[in-house]
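Enquirer: My file is upload-v2.csv. It has CSV, C-alpha atoms:
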```csv
chain,number,residue,atom,x,y,z
A,1,MET,CA,36.2,142.7,-119.0
A,2,GLN,CA,33.6,140.4,-117.3
A,3,LYS,CA,32.5,137.4,-119.2
A,4,THR,CA,28.8,137.1,-119.9
A,5,GLY,CA,26.7,134.6,-121.9
A,6,THR,CA,28.2,131.6,-123.8
A,7,PRO,CA,31.8,131.4,-124.9
A,8,ASN,CA,30.8,132.2,-128.5
A,9,GLU,CA,28.7,135.2,-127.4
A,10,TYR,CA,31.5,136.5,-125.2
A,11,ARG,CA,34.0,136.1,-128.1
A,12,ARG,CA,31.7,138.0,-130.5
A,13,GLU,CA,31.1,140.7,-128.0
A,14,LEU,CA,34.8,141.0,-127.3
A,15,LYS,CA,35.7,141.1,-131.0
A,16,THR,CA,33.2,144.0,-131.4
A,17,LYS,CA,34.7,145.9,-128.5
A,18,ILE,CA,38.2,145.5,-129.8
A,19,LEU,CA,37.2,146.6,-133.2
A,20,ASP,CA,35.2,149.6,-132.0
A,21,TYR,CA,38.0,150.8,-129.7
A,22,ALA,CA,40.8,150.2,-132.1
A,23,MET,CA,39.2,151.9,-135.1
A,24,SER,CA,38.2,154.9,-133.0
A,25,GLU,CA,41.9,155.2,-131.9
A,26,PHE,CA,43.2,154.6,-135.4
A,27,ARG,CA,41.1,157.4,-136.8
A,28,VAL,CA,42.3,159.9,-134.1
A,29,LYS,CA,45.9,158.9,-133.5
A,30,GLY,CA,46.9,157.0,-136.6
A,31,ILE,CA,47.3,153.2,-136.9
A,32,ARG,CA,51.0,152.9,-136.0
A,33,ALA,CA,50.6,154.9,-132.8
A,34,VAL,CA,48.1,152.5,-131.4
A,35,LYS,CA,49.7,149.4,-129.9
A,36,MET,CA,48.0,146.0,-129.2
A,37,ASP,CA,49.0,146.7,-125.5
A,38,ASP,CA,47.0,149.9,-125.6
A,39,ILE,CA,43.9,148.1,-126.8
A,40,ALA,CA,44.3,145.4,-124.1
A,41,LYS,CA,44.7,147.9,-121.3
A,42,ALA,CA,41.8,150.0,-122.4
A,43,LEU,CA,39.5,147.0,-122.5
A,44,SER,CA,41.0,145.5,-119.3
A,45,ILE,CA,42.0,142.2,-121.0
A,46,SER,CA,45.3,140.6,-121.6
A,47,LYS,CA,47.3,141.2,-124.8
A,48,ARG,CA,47.2,137.4,-125.3
A,49,THR,CA,43.4,137.6,-125.4
A,50,VAL,CA,43.6,140.4,-128.1
A,51,TYR,CA,45.9,138.2,-130.2
A,52,GLU,CA,43.5,135.3,-129.9
A,53,ILE,CA,40.9,137.5,-131.6
A,54,TYR,CA,43.1,139.3,-134.1
A,55,ASN,CA,46.5,138.3,-135.4
A,56,ASP,CA,47.7,141.9,-135.8
A,57,LYS,CA,46.6,145.5,-136.3
A,58,GLU,CA,46.3,145.1,-140.0
A,59,GLU,CA,43.7,142.4,-139.5
A,60,ILE,CA,41.8,144.8,-137.2
A,61,LEU,CA,42.1,147.6,-139.8
A,62,ILE,CA,40.8,145.4,-142.6
A,63,ASP,CA,37.9,144.2,-140.5
A,64,GLY,CA,37.1,147.7,-139.5
A,65,MET,CA,37.2,149.1,-143.1
A,66,GLY,CA,35.1,146.1,-144.2
A,67,ARG,CA,32.4,147.0,-141.6
A,68,GLN,CA,32.5,150.6,-142.8
A,69,PHE,CA,32.0,149.6,-146.4
A,70,ASP,CA,29.1,147.3,-145.3
A,71,LEU,CA,27.4,150.1,-143.4
A,72,ALA,CA,27.8,152.4,-146.3
A,73,ARG,CA,26.4,149.8,-148.7
A,74,GLU,CA,23.4,149.2,-146.3
A,75,GLU,CA,22.7,152.9,-146.2
A,76,MET,CA,22.9,153.1,-150.0
A,77,VAL,CA,20.4,150.2,-150.3
A,78,ARG,CA,18.1,152.1,-148.0
A,79,VAL,CA,18.5,155.2,-150.2
A,80,LEU,CA,17.9,153.2,-153.4
A,81,GLU,CA,14.6,151.9,-151.9
A,82,SER,CA,13.4,155.4,-150.9
A,83,THR,CA,14.6,157.6,-153.8
A,84,SER,CA,13.2,158.0,-157.3
A,85,ASN,CA,16.2,159.1,-159.4
A,86,VAL,CA,20.0,159.0,-159.6
A,87,ILE,CA,20.6,162.6,-158.4
A,88,GLU,CA,19.0,161.8,-155.1
A,89,ILE,CA,21.2,158.7,-154.9
A,90,LEU,CA,24.3,160.8,-155.8
A,91,ALA,CA,23.4,163.4,-153.0
A,92,ALA,CA,23.1,160.6,-150.5
A,93,PHE,CA,26.4,159.0,-151.7
A,94,TYR,CA,28.1,162.4,-151.4
A,95,LYS,CA,26.8,163.0,-147.8
A,96,ILE,CA,27.8,159.5,-146.6
A,97,HIS,CA,31.4,159.7,-147.9
A,98,VAL,CA,32.0,163.3,-146.7
A,99,GLU,CA,30.6,162.4,-143.2
A,100,GLN,CA,32.9,159.4,-143.0
A,101,THR,CA,36.0,161.6,-143.3
A,102,THR,CA,34.9,163.9,-140.4
A,103,GLN,CA,37.3,163.8,-137.5
A,104,VAL,CA,39.7,161.4,-139.1
A,105,SER,CA,43.3,162.4,-138.6
A,106,PRO,CA,45.6,162.9,-141.7
A,107,VAL,CA,48.0,160.4,-140.0
A,108,PHE,CA,45.4,157.7,-140.5
A,109,TYR,CA,45.5,158.0,-144.3
A,110,THR,CA,49.3,158.2,-144.2
A,111,ASP,CA,49.6,155.1,-142.2
A,112,VAL,CA,47.2,153.1,-144.3
A,113,GLU,CA,49.7,153.3,-147.1
A,114,LYS,CA,52.1,151.2,-145.0
A,115,TYR,CA,49.7,148.2,-144.8
A,116,PRO,CA,49.8,146.3,-148.1
A,117,LYS,CA,46.9,143.9,-147.3
A,118,ALA,CA,44.7,146.8,-146.3
A,119,LEU,CA,45.6,148.6,-149.6
A,120,GLU,CA,44.7,145.4,-151.5
A,121,PHE,CA,41.4,145.3,-149.7
A,122,ILE,CA,40.6,148.9,-150.6
A,123,HIS,CA,41.5,148.1,-154.2
A,124,GLN,CA,39.1,145.2,-154.3
A,125,LYS,CA,36.3,147.3,-152.9
A,126,GLY,CA,37.0,149.9,-155.5
A,127,GLN,CA,36.6,147.4,-158.2
A,128,GLU,CA,33.3,146.3,-156.8
A,129,ARG,CA,32.1,149.9,-156.8
A,130,ASP,CA,33.3,150.4,-160.4
A,131,LYS,CA,31.1,147.5,-161.5
A,132,GLN,CA,28.1,149.0,-159.8
A,133,ALA,CA,28.9,152.5,-161.1
A,134,ALA,CA,28.6,151.4,-164.8
A,135,GLY,CA,24.9,150.5,-164.4
A,136,PHE,CA,24.3,153.6,-162.3
A,137,PHE,CA,25.7,156.0,-165.1
A,138,GLU,CA,23.6,154.1,-167.7
A,139,ARG,CA,20.5,154.7,-165.6
A,140,GLY,CA,21.3,158.4,-165.2
A,141,VAL,CA,21.6,158.9,-168.9
A,142,LYS,CA,18.2,157.2,-169.5
A,143,GLU,CA,16.6,159.4,-166.8
A,144,GLY,CA,18.1,162.5,-168.5
A,145,PHE,CA,20.2,163.6,-165.6
A,146,PHE,CA,23.6,162.5,-167.0
A,147,ARG,CA,25.0,163.6,-170.3
A,148,GLU,CA,25.0,161.1,-173.3
A,149,ASN,CA,28.2,162.4,-174.9
A,150,ILE,CA,30.6,161.1,-172.2
A,151,ASP,CA,32.6,157.9,-172.0
A,152,TYR,CA,31.9,156.8,-168.4
A,153,ASP,CA,34.7,154.2,-168.5
A,154,VAL,CA,37.1,157.1,-169.0
A,155,ILE,CA,35.4,159.1,-166.2
A,156,MET,CA,35.8,156.2,-163.8
A,157,ASP,CA,39.5,155.7,-164.7
A,158,ILE,CA,40.1,159.4,-164.2
A,159,GLY,CA,38.4,159.4,-160.9
A,160,LYS,CA,40.3,156.4,-159.7
A,161,ASN,CA,43.7,157.9,-160.8
A,162,THR,CA,42.7,161.2,-159.1
A,163,SER,CA,42.0,159.4,-155.8
A,164,GLU,CA,45.3,157.5,-156.0
A,165,ALA,CA,47.2,160.8,-156.7
A,166,ILE,CA,45.5,162.4,-153.7
A,167,MET,CA,46.7,159.6,-151.5
A,168,ARG,CA,50.2,159.3,-153.1
A,169,ASN,CA,50.9,163.0,-152.8
A,170,GLN,CA,49.2,163.2,-149.4
A,171,LEU,CA,47.0,166.2,-150.4
A,172,PHE,CA,45.1,165.5,-147.1
A,173,THR,CA,48.1,166.9,-145.2
A,174,LYS,CA,47.6,170.3,-146.9
A,175,TYR,CA,43.8,170.4,-146.8
A,176,PRO,CA,41.3,168.6,-144.6
A,177,MET,CA,40.4,165.3,-146.2
A,178,GLN,CA,36.7,166.3,-145.9
A,179,LYS,CA,37.4,169.4,-148.0
A,180,VAL,CA,39.5,167.4,-150.6
A,181,LEU,CA,36.7,164.8,-151.0
A,182,LYS,CA,33.9,167.4,-151.1
A,183,ASN,CA,35.6,169.4,-153.9
A,184,MET,CA,36.6,166.3,-155.9
A,185,LEU,CA,33.1,164.8,-155.7
A,186,ILE,CA,31.4,168.1,-156.7
A,187,LEU,CA,33.8,168.5,-159.6
A,188,TYR,CA,33.1,165.0,-161.0
A,189,LEU,CA,29.4,164.9,-160.2
A,190,ARG,CA,28.5,168.2,-161.7
A,191,GLY,CA,30.7,167.5,-164.7
A,192,VAL,CA,28.7,164.5,-165.9
A,193,CYS,CA,25.3,166.1,-165.2
A,194,THR,CA,22.9,167.7,-167.8
A,195,LEU,CA,21.5,171.1,-166.9
A,196,LYS,CA,18.5,169.3,-165.4
A,197,GLY,CA,20.9,167.2,-163.3
A,198,VAL,CA,23.0,170.1,-162.2
A,199,GLU,CA,20.0,172.1,-161.0
A,200,MET,CA,18.7,169.2,-158.9
A,201,LEU,CA,22.2,168.3,-157.6
A,202,ASP,CA,22.8,171.9,-156.5
A,203,GLU,CA,19.5,171.9,-154.7
A,204,LEU,CA,20.3,168.7,-152.8
A,205,ILE,CA,23.9,169.4,-152.0
```
In structure tokens, write the structure found in this file.
Expert:
Amino acid sequence: MQKTGTPNEYRRELKTKILDYAMSEFRVKGIRAVKMDDIAKALSISKRTVYEIYNDKEEILIDGMGRQFDLAREEMVRVLESTSNVIEILAAFYKIHVEQTTQVSPVFYTDVEKYPKALEFIHQKGQERDKQAAGFFERGVKEGFFRENIDYDVIMDIGKNTSEAIMRNQLFTKYPMQKVLKNMLILYLRGVCTLKGVEMLDELI
């Protein structure tokens, strides 16, 4: 890889290239199958240079997942600014998360379980989403799209435990992850909606 710009610019550019290539390979081949040597050779740099940017594959994985979460959050902010109700936001959330699972190998999800720091990172992001979800459900009830007679703390706990069970039992090896996520989201989303909410949700999804 030819150096351009200042050392800091080159380092930022190189970090992005490493991250893009590694995450693309992780999703297709799984994390364990991709070696730091593979990344170095693909980018025409030394393995030492890769290690100067990232200490190990888990650090690359966490950085890559962090960027994915950030992009999803940015998209949701854009949706929030351009939509008028929670059902439109739900539909956008659904499409974002289903699309993110497209062309991701089941091996990727299996391998993630072997990286404790990455799992802790996912857990922390899940807690952040739970805090945001509480206000979201409250808004939906006020708008008349979500049912009033539901304990949404229970719903969130059930959803979290369902997600953990899917990963623990590797349901994604039996069905495509996209199909698993799609059916899980529809089940929970339609379940909390009023008739008014169901009609609009079915129209948008």
Enquirer: What does the distance between atom CA of Ala165 of chain A and atom CA of Val28 of chain A come to in Å, to one decimal place?
Expert: 23.1 Å
Enquirer: From the set A:Ile18, A:Met167, A:Met177, A:Met184, which residue has the shortest atom-to-atom contact distance to Ile45 of chain A, counting only C-alpha atoms?
Expert: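 Distance minimum relative to Ile45 of chain A lands on A:Ile18.
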Enquirer: By how many Å are atom CA of Thr194 of chain A and atom CA of Glu88 of chain A apart?
Expert: 14.5 Å
Enquirer: Can you pull out the residues contacting segment 49-51 of chain A? Cut-off 10 Å, using only C-alpha atoms, and skip same-chain residues under 5 positions away; I want them as a list of chain:residue names.
Expert: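 Everything that qualifies: A:Arg11, A:Leu14, A:Lys15, A:Ile18, A:Met36, A:Asp37, A:Ile39, A:Ala40, A:Leu43, A:Asp56, A:Lys57.
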Enquirer: Hey, which of A:Asn85, A:Thr162, A:Thr16, A:Asn169 ends up closest to Phe146 of chain A? Count all atoms listed in the file.
Expert: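 The closest residue to Phe146 of chain A is A:Asn85.
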Enquirer: Could you check which of A:Ser44, A:Leu189, A:Lys179, A:His123 is closest to Val98 of chain A, using all atoms listed in the file?
Expert: A:Lys179
